[in-house]
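**Student:** Provided below: my_file-v4.cif, containing mmCIF, C-alpha atoms and all ligand atoms.
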```
data_structure
loop_
_atom_site.label_atom_id
_atom_site.label_comp_id
_atom_site.auth_asym_id
_atom_site.auth_seq_id
_atom_site.Cartn_x
_atom_site.Cartn_y
_atom_site.Cartn_z
CA MET A 8 -42.73 -64.97 19.77
CA PHE A 9 -40.99 -68.16 18.71
CA ILE A 10 -37.18 -68.28 19.15
CA THR A 11 -34.98 -71.22 18.17
CA LEU A 12 -31.33 -71.94 18.87
CA GLU A 13 -29.26 -74.01 16.47
CA GLY A 14 -25.66 -75.08 16.08
CA ILE A 15 -23.28 -78.01 15.84
CA GLU A 16 -22.62 -80.42 18.73
CA GLY A 17 -21.04 -78.62 21.71
CA SER A 18 -22.06 -75.11 20.58
CA GLY A 19 -23.53 -74.30 24.02
CA LYS A 20 -27.21 -74.06 22.99
CA THR A 21 -28.62 -75.74 26.05
CA THR A 22 -27.01 -73.27 28.52
CA LEU A 23 -27.98 -70.32 26.33
CA VAL A 24 -31.62 -71.40 26.18
CA GLN A 25 -31.63 -70.97 29.97
CA SER A 26 -30.00 -67.51 29.66
CA VAL A 27 -32.71 -66.40 27.22
CA VAL A 28 -35.46 -67.71 29.49
CA SER A 29 -33.95 -65.96 32.56
CA HIS A 30 -33.72 -62.73 30.58
CA CYS A 31 -37.37 -62.99 29.49
CA HIS A 32 -38.54 -63.73 33.03
CA GLY A 33 -36.38 -60.85 34.30
CA ILE A 34 -38.25 -58.39 32.07
CA GLY A 35 -41.61 -59.87 33.07
CA ARG A 36 -42.31 -61.93 29.95
CA ASP A 37 -44.08 -65.26 30.17
CA CYS A 38 -41.66 -67.71 28.60
CA ILE A 39 -41.06 -71.45 28.22
CA ALA A 40 -37.96 -73.47 27.29
CA THR A 41 -38.33 -76.61 25.24
CA ARG A 42 -36.26 -78.81 22.93
CA GLU A 43 -36.18 -81.14 19.95
CA PRO A 44 -36.03 -84.02 19.79
CA GLY A 45 -37.96 -84.35 23.06
CA GLY A 46 -40.16 -81.67 24.55
CA THR A 47 -43.16 -84.01 25.05
CA PRO A 48 -43.37 -87.44 26.75
CA ILE A 49 -43.82 -89.07 23.31
CA GLY A 50 -40.96 -86.98 21.94
CA GLU A 51 -38.63 -88.13 24.73
CA LYS A 52 -39.19 -91.73 23.63
CA ILE A 53 -38.53 -90.81 19.99
CA ARG A 54 -35.38 -88.97 21.18
CA SER A 55 -33.99 -92.08 22.84
CA ILE A 56 -34.41 -94.03 19.57
CA LEU A 57 -32.83 -91.27 17.48
CA LEU A 58 -29.76 -90.64 19.65
CA ASP A 59 -28.96 -94.23 20.62
CA PRO A 60 -25.41 -94.97 19.31
CA ARG A 61 -26.44 -98.62 18.75
CA HIS A 62 -28.78 -97.42 15.97
CA SER A 63 -26.05 -96.75 13.42
CA ALA A 64 -28.03 -98.66 10.78
CA MET A 65 -30.92 -96.16 10.84
CA ASP A 66 -32.10 -95.30 7.33
CA PRO A 67 -31.86 -91.52 6.59
CA ILE A 68 -35.55 -91.34 5.58
CA ALA A 69 -36.64 -93.17 8.73
CA GLU A 70 -34.45 -90.76 10.70
CA MET A 71 -36.01 -87.70 9.05
CA LEU A 72 -39.55 -88.99 9.61
CA LEU A 73 -38.84 -89.67 13.29
CA TYR A 74 -37.61 -86.08 13.74
CA MET A 75 -40.79 -84.90 12.01
CA ALA A 76 -43.00 -87.14 14.14
CA ASP A 77 -41.35 -85.67 17.23
CA ARG A 78 -41.92 -82.17 15.86
CA VAL A 79 -45.58 -82.52 14.94
CA GLN A 80 -46.35 -83.79 18.46
CA HIS A 81 -44.30 -80.96 19.93
CA ILE A 82 -45.98 -78.26 17.82
CA ARG A 83 -49.51 -79.47 18.63
CA GLN A 84 -48.96 -80.24 22.30
CA ILE A 85 -46.53 -77.52 23.44
CA ILE A 86 -45.50 -74.84 20.93
CA GLN A 87 -48.83 -73.76 19.41
CA PRO A 88 -50.74 -73.65 22.74
CA ALA A 89 -47.94 -71.56 24.33
CA LEU A 90 -47.81 -69.15 21.39
CA ARG A 91 -51.60 -68.80 21.48
CA GLU A 92 -51.32 -67.80 25.15
CA GLY A 93 -48.86 -65.05 24.14
CA LYS A 94 -45.82 -66.77 25.66
CA VAL A 95 -42.27 -66.53 24.35
CA VAL A 96 -41.22 -70.04 23.26
CA VAL A 97 -37.47 -70.76 23.31
CA CYS A 98 -36.66 -74.01 21.56
CA ASP A 99 -33.31 -75.88 21.51
CA ARG A 100 -33.25 -77.00 17.82
CA TYR A 101 -36.15 -77.11 15.34
CA VAL A 102 -36.73 -77.54 11.60
CA ASP A 103 -33.39 -75.99 10.53
CA ALA A 104 -31.69 -78.96 12.23
CA THR A 105 -33.64 -81.37 9.99
CA ILE A 106 -32.85 -79.29 6.89
CA VAL A 107 -29.13 -79.36 7.74
CA TYR A 108 -28.59 -82.79 9.39
CA GLN A 109 -30.95 -84.92 7.29
CA GLY A 110 -31.20 -82.64 4.22
CA VAL A 111 -27.62 -81.44 3.70
CA ALA A 112 -25.48 -83.97 5.61
CA ARG A 113 -27.49 -87.17 5.01
CA GLY A 114 -28.19 -86.09 1.42
CA LEU A 115 -32.00 -86.04 1.45
CA LYS A 116 -32.17 -82.54 -0.11
CA PRO A 117 -33.17 -79.46 1.92
CA GLU A 118 -36.18 -78.81 -0.40
CA THR A 119 -37.68 -82.18 0.50
CA VAL A 120 -37.50 -81.37 4.21
CA ILE A 121 -38.83 -77.82 3.70
CA GLY A 122 -41.69 -79.14 1.52
CA LEU A 123 -42.70 -81.73 4.12
CA HIS A 124 -42.48 -79.20 6.92
CA ASN A 125 -44.76 -76.79 5.07
CA SER A 126 -47.28 -79.40 3.95
CA LEU A 127 -47.44 -81.72 6.98
CA LEU A 128 -46.55 -79.45 9.85
CA GLY A 129 -48.52 -76.36 8.84
CA GLY A 130 -45.33 -74.44 8.04
CA LEU A 131 -44.72 -73.03 11.52
CA TRP A 132 -41.39 -71.16 11.28
CA PRO A 133 -39.53 -69.39 14.09
CA ASP A 134 -39.56 -65.59 14.36
CA ILE A 135 -35.83 -65.60 15.03
CA THR A 136 -33.15 -68.28 14.96
CA LEU A 137 -29.86 -67.84 16.80
CA LEU A 138 -27.11 -69.80 15.08
CA LEU A 139 -24.24 -70.56 17.46
CA ASP A 140 -21.32 -70.93 15.12
CA LEU A 141 -17.93 -72.44 15.95
CA PRO A 142 -15.39 -74.80 14.36
CA PRO A 143 -16.54 -78.45 14.55
CA ARG A 144 -13.31 -79.64 16.19
CA GLN A 145 -13.84 -77.23 19.09
CA GLY A 146 -17.53 -78.12 19.41
CA LEU A 147 -16.87 -81.86 19.40
CA GLN A 148 -14.15 -81.51 22.03
CA ARG A 149 -16.68 -79.76 24.29
CA ALA A 150 -19.40 -82.32 23.53
CA TRP A 151 -17.13 -85.28 24.37
CA ARG A 152 -15.92 -83.56 27.55
CA GLN A 153 -19.59 -83.27 28.64
CA ILE A 154 -20.11 -86.97 27.90
CA ASP A 155 -16.89 -87.96 29.71
CA ASP A 156 -17.86 -85.78 32.72
CA GLY A 157 -21.29 -87.44 32.84
CA GLU A 158 -23.15 -84.14 32.12
CA ARG A 159 -24.63 -85.86 29.08
CA GLY A 160 -25.31 -89.58 28.74
CA SER A 161 -23.24 -91.68 26.33
CA GLU A 162 -26.55 -93.32 25.36
CA GLU A 163 -27.20 -90.06 23.40
CA SER A 164 -23.93 -90.01 21.44
CA ARG A 165 -24.98 -91.27 17.96
CA PHE A 166 -24.28 -87.91 16.25
CA GLU A 167 -21.08 -87.18 18.20
CA LYS A 168 -19.74 -90.42 16.71
CA GLU A 169 -20.12 -89.12 13.13
CA THR A 170 -16.99 -88.13 11.16
CA MET A 171 -15.40 -84.68 11.15
CA ASP A 172 -16.48 -84.39 7.51
CA PHE A 173 -20.12 -84.86 8.59
CA HIS A 174 -19.80 -82.16 11.26
CA SER A 175 -18.13 -79.77 8.81
CA LYS A 176 -21.08 -80.23 6.45
CA ILE A 177 -23.42 -79.38 9.32
CA ARG A 178 -21.57 -76.16 10.08
CA GLU A 179 -21.53 -75.13 6.40
CA GLY A 180 -25.18 -76.12 6.02
CA TYR A 181 -26.22 -73.90 8.93
CA LEU A 182 -24.19 -70.95 7.62
CA ALA A 183 -25.86 -71.38 4.22
CA ARG A 184 -29.30 -71.34 5.91
CA ALA A 185 -28.32 -68.09 7.67
CA MET A 186 -27.24 -66.54 4.35
CA ALA A 187 -30.48 -67.64 2.68
CA GLU A 188 -32.71 -66.17 5.42
CA PRO A 189 -30.85 -63.16 6.85
CA ASN A 190 -33.98 -61.62 8.37
CA ARG A 191 -34.68 -64.64 10.55
CA PHE A 192 -31.14 -65.75 11.44
CA ARG A 193 -28.66 -64.12 13.83
CA VAL A 194 -25.19 -65.67 13.71
CA VAL A 195 -23.33 -65.69 17.04
CA ASN A 196 -19.61 -66.44 17.41
CA ALA A 197 -19.86 -69.29 19.92
CA ALA A 198 -16.06 -69.68 20.10
CA LEU A 199 -15.87 -66.54 22.28
CA PRO A 200 -15.80 -66.83 26.09
CA GLN A 201 -19.13 -68.02 27.51
CA GLN A 202 -20.04 -64.66 29.16
CA GLU A 203 -19.54 -62.76 25.91
CA VAL A 204 -21.65 -65.25 23.96
CA GLU A 205 -24.39 -65.01 26.56
CA ALA A 206 -24.37 -61.19 26.48
CA GLU A 207 -24.58 -61.20 22.67
CA VAL A 208 -27.47 -63.68 22.64
CA VAL A 209 -29.44 -61.69 25.25
CA ARG A 210 -28.82 -58.46 23.31
CA MET A 211 -30.10 -60.04 20.08
CA VAL A 212 -33.20 -61.41 21.79
CA SER A 213 -34.06 -58.10 23.49
CA GLU A 214 -33.76 -56.29 20.15
CA ALA A 215 -36.08 -58.78 18.49
CA LEU A 216 -38.73 -59.05 21.22
CA PRO A 217 -41.87 -57.12 20.34
CA PRO A 218 -43.45 -55.03 23.14
CA ASP A 219 -45.56 -57.03 25.59
CA PRO A 220 -49.09 -57.38 24.10
P1 LIG B 301 -28.99 -82.16 21.19
O1 LIG B 301 -30.14 -82.30 22.11
O2 LIG B 301 -27.71 -82.27 21.87
O3 LIG B 301 -29.07 -80.96 20.34
O4 LIG B 301 -29.05 -83.49 20.26
C1 LIG B 301 -29.93 -83.68 19.27
C2 LIG B 301 -29.21 -84.34 18.12
O5 LIG B 301 -30.16 -84.61 17.09
C3 LIG B 301 -28.13 -83.47 17.50
O6 LIG B 301 -27.01 -84.28 17.19
C4 LIG B 301 -28.74 -82.99 16.21
C5 LIG B 301 -29.72 -84.06 15.86
N1 LIG B 301 -30.91 -83.55 15.14
C6 LIG B 301 -31.10 -83.93 13.83
O7 LIG B 301 -30.29 -84.65 13.26
N2 LIG B 301 -32.23 -83.50 13.19
C7 LIG B 301 -33.18 -82.72 13.81
O8 LIG B 301 -34.20 -82.37 13.20
C8 LIG B 301 -32.96 -82.35 15.19
C9 LIG B 301 -33.98 -81.53 15.89
C10 LIG B 301 -31.81 -82.78 15.81
#
```
Spell out the structure here as structure tokens.
Ligand code: TMP
**Tutor:**
Amino acid sequence: MFITLEGIEGSGKTTLVQSVVSHCHGIGRDCIATREPGGTPIGEKIRSILLDPRHSAMDPIAEMLLYMADRVQHIRQIIQPALREGKVVVCDRYVDATIVYQGVARGLKPETVIGLHNSLLGGLWPDITLLLDLPPRQGLQRAWRQIDDGERGSEESRFEKETMDFHSKIREGYLARAMAEPNRFRVVNAALPQQEVEAEVVRMVSEALPPDP
């Protein structure tokens, strides 16, 4: 079973990935947490290029191809082997982020990203995608607080530095993805208190998990 979490900056994905993994372990399921960009040693290097705030001149096509390079390495090295072993894979961001950030917000067209994903990356899609939805202003406040508190490095702040208009496009883009694929997406109100969000996410995952093979 392949589960992804998506959302704007500061939507709380990273903490919730851990909640899903703890839940899976608690019910005896073999489960791994991973993330994009990153998730492999090569991917971590690509991540540092992509998120470096000094790289404001990055071309949108170069950006998209770097995310895809990260993903192909991640699929081959981590995701596919784990799925073959029957594990639950919980991934912090995946192809929907490329469709929304590079496709919708950078203007490269979602169909281009979807076409490349299907042709180059074997079209591996998640079984369920949890979309953590909240207003961009609230998400960005949280994200900057984490940077100011040192929980997240300022060397990874290239996207936090984008305009509010950019972040609003991301939110709308994600909601449009959820409308287009209602069977795969579950939309969670991430503006609620943390415990309620966590309970909702765990409930959605338990409903979707097939019985242990
Ligand atoms: P995060 O680890 O905090 O989610 O940061 C990853 C950043 O990369 C986030 O701002 C979203 C962005 N991103 C894309 O633009 N395209 C992608 O395909 C992925 C996976 C992430």
**Student:** Let me see if you get this right: every residue at most 9 Å from ligand LIG 301 (chain B), counting only C-alpha atoms and all ligand atoms, written as a PyMOL selection string.
**Tutor:** chain A and resi 13-17+20-21+42-45+54+57-58+70-71+73-75+77-78+99-109+150+159+163-167
**Student:** Using only C-alpha atoms, tabulate the residues of stretch 76-164 of chain A lying at most 8 Å from any atom of stretch 176-186 of chain A, each with its closest atom pair and that distance in Å to one decimal, by chain and increasing residue number, as CSV.
**Tutor:**
```
residue,atom,partner,partner_atom,distance
A:Asp103,CA,A:Tyr181,CA,7.6
A:Val107,CA,A:Gly180,CA,5.4
A:Tyr108,CA,A:Ile177,CA,6.2
A:Val111,CA,A:Gly180,CA,6.3
A:Ala112,CA,A:Lys176,CA,5.8
A:Leu138,CA,A:Tyr181,CA,7.4
A:Asp140,CA,A:Arg178,CA,7.3
A:Leu141,CA,A:Arg178,CA,7.8
A:Pro142,CA,A:Arg178,CA,7.6
A:Pro143,CA,A:Arg178,CA,7.1
```
**Student:** When you count all atoms listed in the file, which of these residues is closest to A:Gly160: A:Thr41, A:Ser55, A:Gly114, A:Leu12?
**Tutor:**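 Looking at the shortest contact to A:Gly160, the residue is A:Ser55.
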**Student:** Taking into account all atoms listed in the file, which residue in the set A:Pro88, A:Gly93, A:Pro200, A:Gly19 is nearest to A:Asp37?
**Tutor:** A:Gly93
**Student:** For A:Cys31, which of A:Ala89, A:Ala69, A:Ala76, A:Val95 is the closest residue, counting all atoms listed in the file?
**Tutor:** A:Val95
**Student:** By how many Å are atom CA of A:Arg191 and atom CA of A:Ile135 apart?
**Tutor:**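 Separation between atom CA of A:Arg191 and atom CA of A:Ile135: 4.7 Å.
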**Student:** Figure out the distance between atom CA of A:Pro67 and atom CA of A:Asn125, please, to one decimal in Å.
**Tutor:**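 It comes out at 19.6 Å.
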**Student:** What does the structure give for the distance between atom CA of A:Leu23 and atom CA of A:Val209, in Å to one decimal?
**Tutor:**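 Going from atom CA of A:Leu23 over to atom CA of A:Val209 covers 8.8 Å.
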**Student:** Select, from A:Leu199, A:Met65, A:Cys38, A:Leu123, the residue with the minimum atom-to-atom distance to A:Gln25, counting all atoms listed in the file.
**Tutor:**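 Smallest distance to A:Gln25 is found for A:Cys38.
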**Student:** Between A:Cys98, A:Met211, A:Leu216, A:Ile56, which has the minimum distance to A:Val24 (counting all atoms listed in the file)?
**Tutor:** A:Cys98
**Student:** Using all atoms listed in the file, which of A:Val28, A:Val195, A:Glu51, A:Ser18 sits nearest A:Gln148?
**Tutor:**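 For A:Gln148, the nearest of the given residues is A:Ser18.
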**Student:** Excluding same-chain residues fewer than 4 positions from A:Gln202, what lies within 12 Å of it counting all atoms listed in the file, as a list in words?
**Tutor:**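 Skipping anything fewer than 4 positions along the chain leaves Gly19, Thr22, Leu23, Ser26, Asn196, Ala197, Ala198, Ala206, Glu207, Val208 and Val209 of chain A.
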**Student:** May I have the protein, DNA and RNA residues with an atom at most 6 Å from (-28.5, -65.8, 13.4), counting all atoms listed in the file in the file's coordinates, returned as a ChimeraX atom specification?
**Tutor:** /A:136-138,192-194
**Student:** Which centre and which edge lengths, in Å to one decimal, describe the axis-aligned box that holds all listed atoms of stretch 101-120 of chain A after 5 Å is added on each side, as AutoDock Vina command-line options?
**Tutor:**
```
--center_x -31.6 --center_y -81.6 --center_z 7.5 --size_x 22.2 --size_y 21.2 --size_z 25.7
```
